[in-house]
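Participant: Take a look at the following structure, please.
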Amino acid sequence: MFQEEFMKRAIELAKECAKRDEVPVGAVIVKDGKVISVGENQKEREGCATRHAEIVAIEGATKAVGNWWLEGCELYCTLEPCAMCAGAMINSRIDSLYFGAYDQKAGAAGSKVNLFEAGLFNHDVKVSGGYMKEECALLLSEFFEKKRKR
């Protein structure tokens with residue numbers, strides 16, 4: 001069940017990204033009502049295309065639980081995941097995904113494609129989007145507006 005406090009934490013992480021000139025996306029993984037891992041985009045600072053917020057959070061969560069299997073975990077993210085991140089959520093057995101802004105160009109939870117379609121893979125992730133979407137989308141639009149001005 002969606003809990004606003006976790007999306008607010010993801011938004012704070014995204015704001016920190018923007019300060020470091022990273023695309024502002026934050027992710028939080030919760031198990032049994034407690035945050036076990038967080039992630040933020042690190043593509044620029046790490047020089048690696050796979051350092052998306054969701055991937056960073058999943059890596060931290062696997063260490064926190066001591067296993068790659070993240071059954072019972074929920075992932076909160078400020079942006080609809082891309083295909084890479086959707087695949088990582090499916091493969092790590094995340095139970096539920098709650099995201100903020102929709103991504104019409106690369107969203108893999110229904111905007112561009114839907115990798116979370118029930119029965120498509122060996123694990124189904126429950127997906128729900130649009131939470132605090134205005135705030136999440138504003139972070140992204142302001143970030144790219146500033147980048148264009150530079």
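Within each chain, counting starts at residue 1; across the structure tokens, chains are named A, B, ... in the order shown, with ligands numbered 1 upward in that order.
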Using only C-alpha atoms, which residues sit within 6 Å of range 41-52 of chain A once same-chain residues fewer than 2 positions away are excluded, as a PDB file with all heavy atoms, in the first residue's frame?
Facilitator:
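Okay, this is what ended up in out.pdb:
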```pdb
ATOM      1  N   VAL A  25      16.452  11.820 -10.164  1.00  0.00           N
ATOM      2  CA  VAL A  25      15.608  10.659  -9.919  1.00  0.00           C
ATOM      3  C   VAL A  25      16.080  10.022  -8.616  1.00  0.00           C
ATOM      4  O   VAL A  25      17.274   9.784  -8.433  1.00  0.00           O
ATOM      5  CB  VAL A  25      15.680   9.636 -11.074  1.00  0.00           C
ATOM      6  CG1 VAL A  25      14.823   8.410 -10.764  1.00  0.00           C
ATOM      7  CG2 VAL A  25      15.247  10.270 -12.389  1.00  0.00           C
ATOM      8  N   GLU A  54      17.176   3.379  -9.411  1.00  0.00           N
ATOM      9  CA  GLU A  54      16.564   2.105  -9.052  1.00  0.00           C
ATOM     10  C   GLU A  54      17.601   0.996  -8.915  1.00  0.00           C
ATOM     11  O   GLU A  54      17.538   0.180  -7.995  1.00  0.00           O
ATOM     12  CB  GLU A  54      15.530   1.687 -10.113  1.00  0.00           C
ATOM     13  CG  GLU A  54      14.406   2.694 -10.307  1.00  0.00           C
ATOM     14  CD  GLU A  54      14.672   3.656 -11.474  1.00  0.00           C
ATOM     15  OE1 GLU A  54      15.774   4.231 -11.548  1.00  0.00           O
ATOM     16  OE2 GLU A  54      13.765   3.835 -12.306  1.00  0.00           O
ATOM     17  N   ILE A  55      18.567   0.967  -9.814  1.00  0.00           N
ATOM     18  CA  ILE A  55      19.616  -0.049  -9.773  1.00  0.00           C
ATOM     19  C   ILE A  55      20.463   0.118  -8.511  1.00  0.00           C
ATOM     20  O   ILE A  55      20.770  -0.855  -7.816  1.00  0.00           O
ATOM     21  CB  ILE A  55      20.507   0.016 -11.035  1.00  0.00           C
ATOM     22  CG1 ILE A  55      19.683  -0.194 -12.308  1.00  0.00           C
ATOM     23  CG2 ILE A  55      21.677  -0.957 -10.943  1.00  0.00           C
ATOM     24  CD1 ILE A  55      19.059  -1.554 -12.478  1.00  0.00           C
TER      25      ILE A  55
END
```
Participant: Please produce, as CSV, a per-residue contact table for range 22-83 of chain A versus range 104-114 of chain A (criterion: any atom at most 9 Å away, only C-alpha atoms considered), showing the nearest atom pair and its distance in Å to one decimal, sorted by chain then residue number.
Facilitator:
```
residue,atom,partner,partner_atom,distance
A:Leu79,CA,A:Gly107,CA,8.4
A:Glu80,CA,A:Gly107,CA,5.4
A:Pro81,CA,A:Gly107,CA,5.6
A:Cys82,CA,A:Gly107,CA,5.0
A:Ala83,CA,A:Ala108,CA,5.1
```
Participant: Those residues with C-alpha atoms, as a PDB file, in the first residue's frame please?
Facilitator:
```
ATOM      1  CA  LEU A  79      10.088   8.526 -12.361  1.00  0.00           C
ATOM      2  CA  GLU A  80       8.537   5.643 -14.269  1.00  0.00           C
ATOM      3  CA  PRO A  81      11.346   3.119 -14.753  1.00  0.00           C
ATOM      4  CA  CYS A  82      13.120   2.450 -18.024  1.00  0.00           C
ATOM      5  CA  ALA A  83      13.380  -1.057 -19.509  1.00  0.00           C
TER       6      ALA A  83
END
```
Participant: State, in Å with one decimal place, the distance from CA of Lys146 in chain A to CA of Val38 in chain A.
Facilitator: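 These atoms are spaced 25.7 Å apart.
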Participant: So which one's closest to Gly130 in chain A, A:Lys34, A:Met1, A:Glu12, A:Met7? Using only C-alpha atoms, please.
Facilitator: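 Smallest distance to Gly130 in chain A is found for A:Met7.
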Participant: Please measure the separation of CA of Leu139 in chain A and CA of Thr62 in chain A, giving the value in Å to one decimal.
Facilitator: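 Between CA of Leu139 in chain A and CA of Thr62 in chain A the gap works out to 28.2 Å.
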Participant: Point out the residue among A:Lys149, A:Ala27, A:Asn91, A:Gly33 with the least atom-to-atom distance to Gly60 in chain A, counting only C-alpha atoms.
Facilitator: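 Of A:Lys149, A:Ala27, A:Asn91, A:Gly33, the one nearest Gly60 in chain A, counting only C-alpha atoms, is A:Ala27.
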Participant: Can you tell me which residues surround Cys17 in chain A at a distance of at most 10 Å, considering only C-alpha atoms, apart from same-chain residues fewer than 4 positions away, and format the answer as a list in words?
Facilitator: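 Within the cut-off, the hits are Ile11, Glu12, Leu13, Asp21, Glu22, Val23, Pro24, Val25, Gly26, Gly39, Glu40, Asn41, Gln42, Ala53 and Phe143 of chain A.
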Participant: Export, as an mmCIF file, in the first residue's frame, the selected residues with all heavy atoms.
Facilitator:
```cif
data_model
loop_
_atom_site.group_PDB
_atom_site.id
_atom_site.type_symbol
_atom_site.label_atom_id
_atom_site.label_comp_id
_atom_site.auth_asym_id
_atom_site.auth_seq_id
_atom_site.Cartn_x
_atom_site.Cartn_y
_atom_site.Cartn_z
ATOM 1 N N ILE A 11 11.833 11.891 -3.391
ATOM 2 C CA ILE A 11 11.902 13.251 -3.938
ATOM 3 C C ILE A 11 13.100 13.996 -3.367
ATOM 4 O O ILE A 11 13.804 14.706 -4.096
ATOM 5 C CB ILE A 11 10.577 14.006 -3.685
ATOM 6 C CG1 ILE A 11 9.471 13.410 -4.574
ATOM 7 C CG2 ILE A 11 10.733 15.508 -3.925
ATOM 8 C CD1 ILE A 11 8.066 13.881 -4.243
ATOM 9 N N GLU A 12 13.353 13.839 -2.080
ATOM 10 C CA GLU A 12 14.529 14.481 -1.475
ATOM 11 C C GLU A 12 15.818 13.972 -2.122
ATOM 12 O O GLU A 12 16.744 14.743 -2.375
ATOM 13 C CB GLU A 12 14.551 14.250 0.038
ATOM 14 C CG GLU A 12 13.494 15.034 0.783
ATOM 15 C CD GLU A 12 13.548 16.534 0.501
ATOM 16 O OE1 GLU A 12 14.660 17.115 0.539
ATOM 17 O OE2 GLU A 12 12.490 17.125 0.235
ATOM 18 N N LEU A 13 15.888 12.685 -2.373
ATOM 19 C CA LEU A 13 17.061 12.116 -3.047
ATOM 20 C C LEU A 13 17.213 12.701 -4.452
ATOM 21 O O LEU A 13 18.325 13.017 -4.886
ATOM 22 C CB LEU A 13 16.947 10.598 -3.129
ATOM 23 C CG LEU A 13 17.061 9.851 -1.803
ATOM 24 C CD1 LEU A 13 16.508 8.440 -1.944
ATOM 25 C CD2 LEU A 13 18.497 9.825 -1.331
ATOM 26 N N ASP A 21 24.288 17.872 -10.582
ATOM 27 C CA ASP A 21 24.144 17.864 -12.034
ATOM 28 C C ASP A 21 23.825 16.480 -12.586
ATOM 29 O O ASP A 21 24.229 16.116 -13.683
ATOM 30 C CB ASP A 21 25.380 18.463 -12.724
ATOM 31 C CG ASP A 21 25.046 19.001 -14.112
ATOM 32 O OD1 ASP A 21 23.907 19.469 -14.313
ATOM 33 O OD2 ASP A 21 25.918 18.936 -14.987
ATOM 34 N N GLU A 22 23.093 15.698 -11.800
ATOM 35 C CA GLU A 22 22.583 14.398 -12.239
ATOM 36 C C GLU A 22 21.092 14.555 -12.501
ATOM 37 O O GLU A 22 20.410 15.327 -11.821
ATOM 38 C CB GLU A 22 22.752 13.342 -11.133
ATOM 39 C CG GLU A 22 24.162 12.997 -10.783
ATOM 40 C CD GLU A 22 24.773 11.928 -11.695
ATOM 41 O OE1 GLU A 22 24.091 11.457 -12.619
ATOM 42 O OE2 GLU A 22 25.943 11.588 -11.462
ATOM 43 N N VAL A 23 20.558 13.812 -13.462
ATOM 44 C CA VAL A 23 19.124 13.835 -13.703
ATOM 45 C C VAL A 23 18.435 13.462 -12.389
ATOM 46 O O VAL A 23 18.759 12.436 -11.782
ATOM 47 C CB VAL A 23 18.731 12.857 -14.831
ATOM 48 C CG1 VAL A 23 17.213 12.802 -14.985
ATOM 49 C CG2 VAL A 23 19.386 13.279 -16.142
ATOM 50 N N PRO A 24 17.522 14.317 -11.913
ATOM 51 C CA PRO A 24 16.949 14.136 -10.573
ATOM 52 C C PRO A 24 15.932 12.995 -10.474
ATOM 53 O O PRO A 24 14.731 13.179 -10.668
ATOM 54 C CB PRO A 24 16.301 15.483 -10.280
ATOM 55 C CG PRO A 24 15.988 16.046 -11.618
ATOM 56 C CD PRO A 24 17.049 15.542 -12.538
ATOM 57 N N VAL A 25 16.452 11.820 -10.164
ATOM 58 C CA VAL A 25 15.608 10.659 -9.919
ATOM 59 C C VAL A 25 16.080 10.022 -8.616
ATOM 60 O O VAL A 25 17.274 9.784 -8.433
ATOM 61 C CB VAL A 25 15.680 9.636 -11.074
ATOM 62 C CG1 VAL A 25 14.823 8.410 -10.764
ATOM 63 C CG2 VAL A 25 15.247 10.270 -12.389
ATOM 64 N N GLY A 26 15.122 9.752 -7.745
ATOM 65 C CA GLY A 26 15.427 9.096 -6.478
ATOM 66 C C GLY A 26 14.597 7.841 -6.314
ATOM 67 O O GLY A 26 13.481 7.754 -6.842
ATOM 68 N N GLY A 39 18.501 5.048 -3.397
ATOM 69 C CA GLY A 39 19.373 5.236 -4.556
ATOM 70 C C GLY A 39 19.039 6.528 -5.254
ATOM 71 O O GLY A 39 17.919 7.031 -5.162
ATOM 72 N N GLU A 40 20.032 7.052 -5.902
ATOM 73 C CA GLU A 40 19.847 8.244 -6.730
ATOM 74 C C GLU A 40 20.690 8.067 -7.973
ATOM 75 O O GLU A 40 21.643 7.281 -7.977
ATOM 76 C CB GLU A 40 20.230 9.504 -5.964
ATOM 77 C CG GLU A 40 21.642 9.485 -5.447
ATOM 78 C CD GLU A 40 21.962 10.658 -4.548
ATOM 79 O OE1 GLU A 40 21.218 10.909 -3.582
ATOM 80 O OE2 GLU A 40 22.969 11.329 -4.821
ATOM 81 N N ASN A 41 20.320 8.752 -9.028
ATOM 82 C CA ASN A 41 21.091 8.652 -10.261
ATOM 83 C C ASN A 41 22.554 8.989 -10.004
ATOM 84 O O ASN A 41 22.861 9.958 -9.314
ATOM 85 C CB ASN A 41 20.529 9.603 -11.317
ATOM 86 C CG ASN A 41 19.442 8.963 -12.136
ATOM 87 O OD1 ASN A 41 19.148 7.784 -12.009
ATOM 88 N ND2 ASN A 41 18.829 9.743 -13.000
ATOM 89 N N GLN A 42 23.428 8.198 -10.582
ATOM 90 C CA GLN A 42 24.869 8.399 -10.438
ATOM 91 C C GLN A 42 25.589 8.250 -11.772
ATOM 92 O O GLN A 42 26.786 8.020 -11.813
ATOM 93 C CB GLN A 42 25.445 7.389 -9.436
ATOM 94 C CG GLN A 42 24.884 7.506 -8.055
ATOM 95 C CD GLN A 42 25.421 6.431 -7.126
ATOM 96 O OE1 GLN A 42 26.246 5.601 -7.496
ATOM 97 N NE2 GLN A 42 24.936 6.440 -5.897
ATOM 98 N N ALA A 53 18.950 5.339 -10.410
ATOM 99 C CA ALA A 53 18.542 5.341 -9.006
ATOM 100 C C ALA A 53 17.995 3.982 -8.562
ATOM 101 O O ALA A 53 18.329 3.492 -7.477
ATOM 102 C CB ALA A 53 17.497 6.428 -8.771
ATOM 103 N N PHE A 143 15.129 20.949 -13.999
ATOM 104 C CA PHE A 143 16.511 20.515 -14.207
ATOM 105 C C PHE A 143 16.911 20.692 -15.672
ATOM 106 O O PHE A 143 17.956 21.267 -15.973
ATOM 107 C CB PHE A 143 16.670 19.052 -13.786
ATOM 108 C CG PHE A 143 18.026 18.472 -14.084
ATOM 109 C CD1 PHE A 143 19.103 18.727 -13.244
ATOM 110 C CD2 PHE A 143 18.227 17.674 -15.199
ATOM 111 C CE1 PHE A 143 20.356 18.195 -13.510
ATOM 112 C CE2 PHE A 143 19.466 17.137 -15.481
ATOM 113 C CZ PHE A 143 20.531 17.399 -14.641
#
```
Participant: DSSP on the backbone: which residues in chain A end up as alpha helix (DSSP H)? Give the answer as an NGL selection string.
Facilitator: :A and (4-19 or 43-46 or 53-65 or 83-91 or 133-149)
Participant: Write down as JSON, numbers by chain the residues of range 13-133 of chain A whose backbone DSSP state falls under strand (DSSP E or B).
Facilitator: {"A": [26, 27, 28, 29, 30, 31, 34, 35, 36, 37, 38, 39, 40, 73, 74, 75, 76, 77, 78, 79, 96, 97, 98, 99, 100, 101, 109, 114, 126, 127, 128, 129]}
Participant: Figure out the distance between CA of Glu59 in chain A and CA of Ser92 in chain A, please, to one decimal in Å.
Facilitator: 9.7 Å
